[in-house]
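Colleague: So that we are looking at the same thing, I have put the structure below in structure tokens.
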Amino acid sequence: MELLLLSDPSEDKVRSYLPRSRCFIASSGGVLVGACVVQELGAGAHELMSIAIRPAHQKSGYGTALLKWVIDFFRGSGASQMEVGTGSFGYQLAFYQRHGFRVTAIDRDFFVNNYPEPIFDGGIQLFDMLRLMLKYPATVA
Ligand SMILES: CC(C)(COP(=O)(O)OP(=O)(O)OC[C@H]1O[C@@H](n2cnc3c(N)ncnc32)[C@H](O)[C@@H]1OP(=O)(O)O)[C@@H](O)C(=O)NCCC(=O)NCCS
């Protein structure tokens, strides 16, 4: 939970999607360094609800390795697409787009309407959520 709260500051929200999600973890030398939660939306679609790496281990490639593993896992299981919602600025946006996620929509004022307190990232208030999607190419049987 401590890890997942790095990605989403609302414990209530995290607890609401955990029971119907799968959680993947990254470890190094037996130490838990990261976690990623993915919820099935149906019809081959999945949503990446959360991904977080322990602060002391960030910027060392663990997040990239975990995201790649999760993307490949769902590709291998026949998924058609993976969605994610993230802030409208910040390094996280590049983090997802580097792996093929594309912006599909803007959820205006999401962070104002869905959280009791204003959320800041790098000193800038987060207002809008960008919805991104990674489409898995159809595989030929
Ligand atoms: C987002 C997150 C999972 C990425 O994991 P990570 O292990 O730090 O990422 P990597 O080391 O694989 O680096 C991926 C890229 O992100 C950049 N990055 C990671 N943390 C960064 C930071 N705090 N500030 C700026 N860039 C950062 C890296 O420099 C790298 O870019 P580069 O290849 O151009 O150098 C991790 O930083 C994290 O847990 N952040 C807090 C929770 C969060 O924001 N989750 C996503 C919610 S949408």
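In the structure tokens, chains take letters A, B, ... by order of appearance, with residues numbered from 1 within each chain and ligands from 1 in the order shown.
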How close does chain A get to ligand 1? List, as a Markdown table, each residue of chain A within 9 Å, its nearest atom pair and the distance in Å to one decimal, counting only C-alpha atoms and all ligand atoms.

Modeller:
| residue | atom | partner | partner_atom_place_in_ligand_line | distance |
| --- | --- | --- | --- | --- |
| A:Leu3 | CA | ligand 1 | 39 (O) | 7.7 |
| A:Leu4 | CA | ligand 1 | 42 (C) | 7.7 |
| A:Leu5 | CA | ligand 1 | 42 (C) | 7.9 |
| A:Leu6 | CA | ligand 1 | 42 (C) | 4.6 |
| A:Ser7 | CA | ligand 1 | 42 (C) | 3.9 |
| A:Asp8 | CA | ligand 1 | 47 (C) | 6.8 |
| A:Val33 | CA | ligand 1 | 7 (O) | 8.9 |
| A:Gly34 | CA | ligand 1 | 39 (O) | 7.4 |
| A:Ala35 | CA | ligand 1 | 3 (C) | 8.4 |
| A:Cys36 | CA | ligand 1 | 3 (C) | 8.4 |
| A:Met49 | CA | ligand 1 | 48 (S) | 8.3 |
| A:Ser50 | CA | ligand 1 | 47 (C) | 6.0 |
| A:Ile51 | CA | ligand 1 | 45 (N) | 5.0 |
| A:Ala52 | CA | ligand 1 | 39 (O) | 3.3 |
| A:Ile53 | CA | ligand 1 | 39 (O) | 3.8 |
| A:Arg54 | CA | ligand 1 | 39 (O) | 6.1 |
| A:Pro55 | CA | ligand 1 | 39 (O) | 6.7 |
| A:His57 | CA | ligand 1 | 7 (O) | 6.5 |
| A:Gln58 | CA | ligand 1 | 8 (O) | 3.4 |
| A:Lys59 | CA | ligand 1 | 11 (O) | 3.1 |
| A:Ser60 | CA | ligand 1 | 11 (O) | 3.9 |
| A:Gly61 | CA | ligand 1 | 12 (O) | 3.3 |
| A:Tyr62 | CA | ligand 1 | 7 (O) | 4.0 |
| A:Gly63 | CA | ligand 1 | 5 (O) | 3.3 |
| A:Thr64 | CA | ligand 1 | 12 (O) | 3.6 |
| A:Ala65 | CA | ligand 1 | 12 (O) | 6.4 |
| A:Leu66 | CA | ligand 1 | 12 (O) | 8.1 |
| A:Leu67 | CA | ligand 1 | 3 (C) | 8.1 |
| A:Val84 | CA | ligand 1 | 48 (S) | 7.7 |
| A:Gly85 | CA | ligand 1 | 48 (S) | 6.6 |
| A:Thr86 | CA | ligand 1 | 48 (S) | 4.4 |
| A:Gly87 | CA | ligand 1 | 48 (S) | 6.6 |
| A:Gly90 | CA | ligand 1 | 25 (C) | 7.5 |
| A:Tyr91 | CA | ligand 1 | 26 (N) | 5.0 |
| A:Gln92 | CA | ligand 1 | 1 (C) | 5.3 |
| A:Leu93 | CA | ligand 1 | 48 (S) | 7.6 |
| A:Ala94 | CA | ligand 1 | 16 (O) | 7.3 |
| A:Phe95 | CA | ligand 1 | 16 (O) | 5.4 |
| A:Tyr96 | CA | ligand 1 | 48 (S) | 8.5 |
| A:Arg98 | CA | ligand 1 | 33 (O) | 8.8 |

Colleague: Mind the document's chain letters and residue numbers, and return as an NGL selection string the residues of segment 9-136 of chain A that DSSP labels alpha helix (DSSP H).

Modeller: :A and (11-17 or 62-76 or 91-97 or 110-113)

Colleague: Neighbours of segment 39-43 of chain A within 10 Å (only C-alpha atoms; same-chain residues fewer than 5 positions away dropped), as a list of chain:residue names?

Modeller: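 With the cut-off at 10 Å, the set is A:Tyr17, A:Leu18, A:Pro19, A:Arg20, A:Ser21, A:Arg22, A:Cys23, A:Leu48, A:Met49, A:Ser50, A:Ala79, A:Ser80, A:Gln81, A:Met82, A:Glu83.
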
Colleague: Any idea what's packed within 8 Å of Thr104 of chain A, counting only C-alpha atoms, ignoring anything in its chain fewer than 6 positions away? Could you give it as a ChimeraX atom specification?

Modeller: /A:130-133

Colleague: Counting only C-alpha atoms, which residue out of A:Ile119, A:Ala45, A:Val103, A:Ile25 sits closest to Trp69 of chain A?

Modeller: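 The shortest atom-to-atom distance to Trp69 of chain A comes from A:Ile25.
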
Colleague: Quick one: pick out all strand (DSSP E or B) residues within segment 1-50 of chain A from a backbone DSSP run and write them as a list in words.

Modeller: Ser21, Arg22, Cys23, Phe24, Ile25, Ala26, Ser27, Ser28, Val31, Leu32, Val33, Gly34, Ala35, Cys36, Val37, Val38, Gln39, Glu40, Leu41, Gly42, Ala45, His46, Glu47, Leu48, Met49 and Ser50 of chain A

Colleague: One number please: atom CA of Phe24 of chain A to atom CA of Gly76 of chain A, in Å, one decimal.

Modeller: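 One can read the atom CA of Phe24 of chain A to atom CA of Gly76 of chain A distance as 15.2 Å.
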
Colleague: Tell me which of A:Phe120, A:Phe73, A:Phe127, A:Tyr136 sits closest to Ile106 of chain A, counting only C-alpha atoms.

Modeller: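 Closest to Ile106 of chain A of all the choices is A:Phe127.
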
Colleague: Please determine, counting only C-alpha atoms, which residue among A:Pro9, A:His99, A:Val14, A:Ser77 has the shortest atom-to-atom distance to Pro116 of chain A.

Modeller: A:Pro9

Colleague: Closest to Asn114 of chain A among A:Leu126, A:Leu32, A:Ala26, A:Leu134, using only C-alpha atoms?

Modeller: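 Distance minimum relative to Asn114 of chain A lands on A:Leu126.
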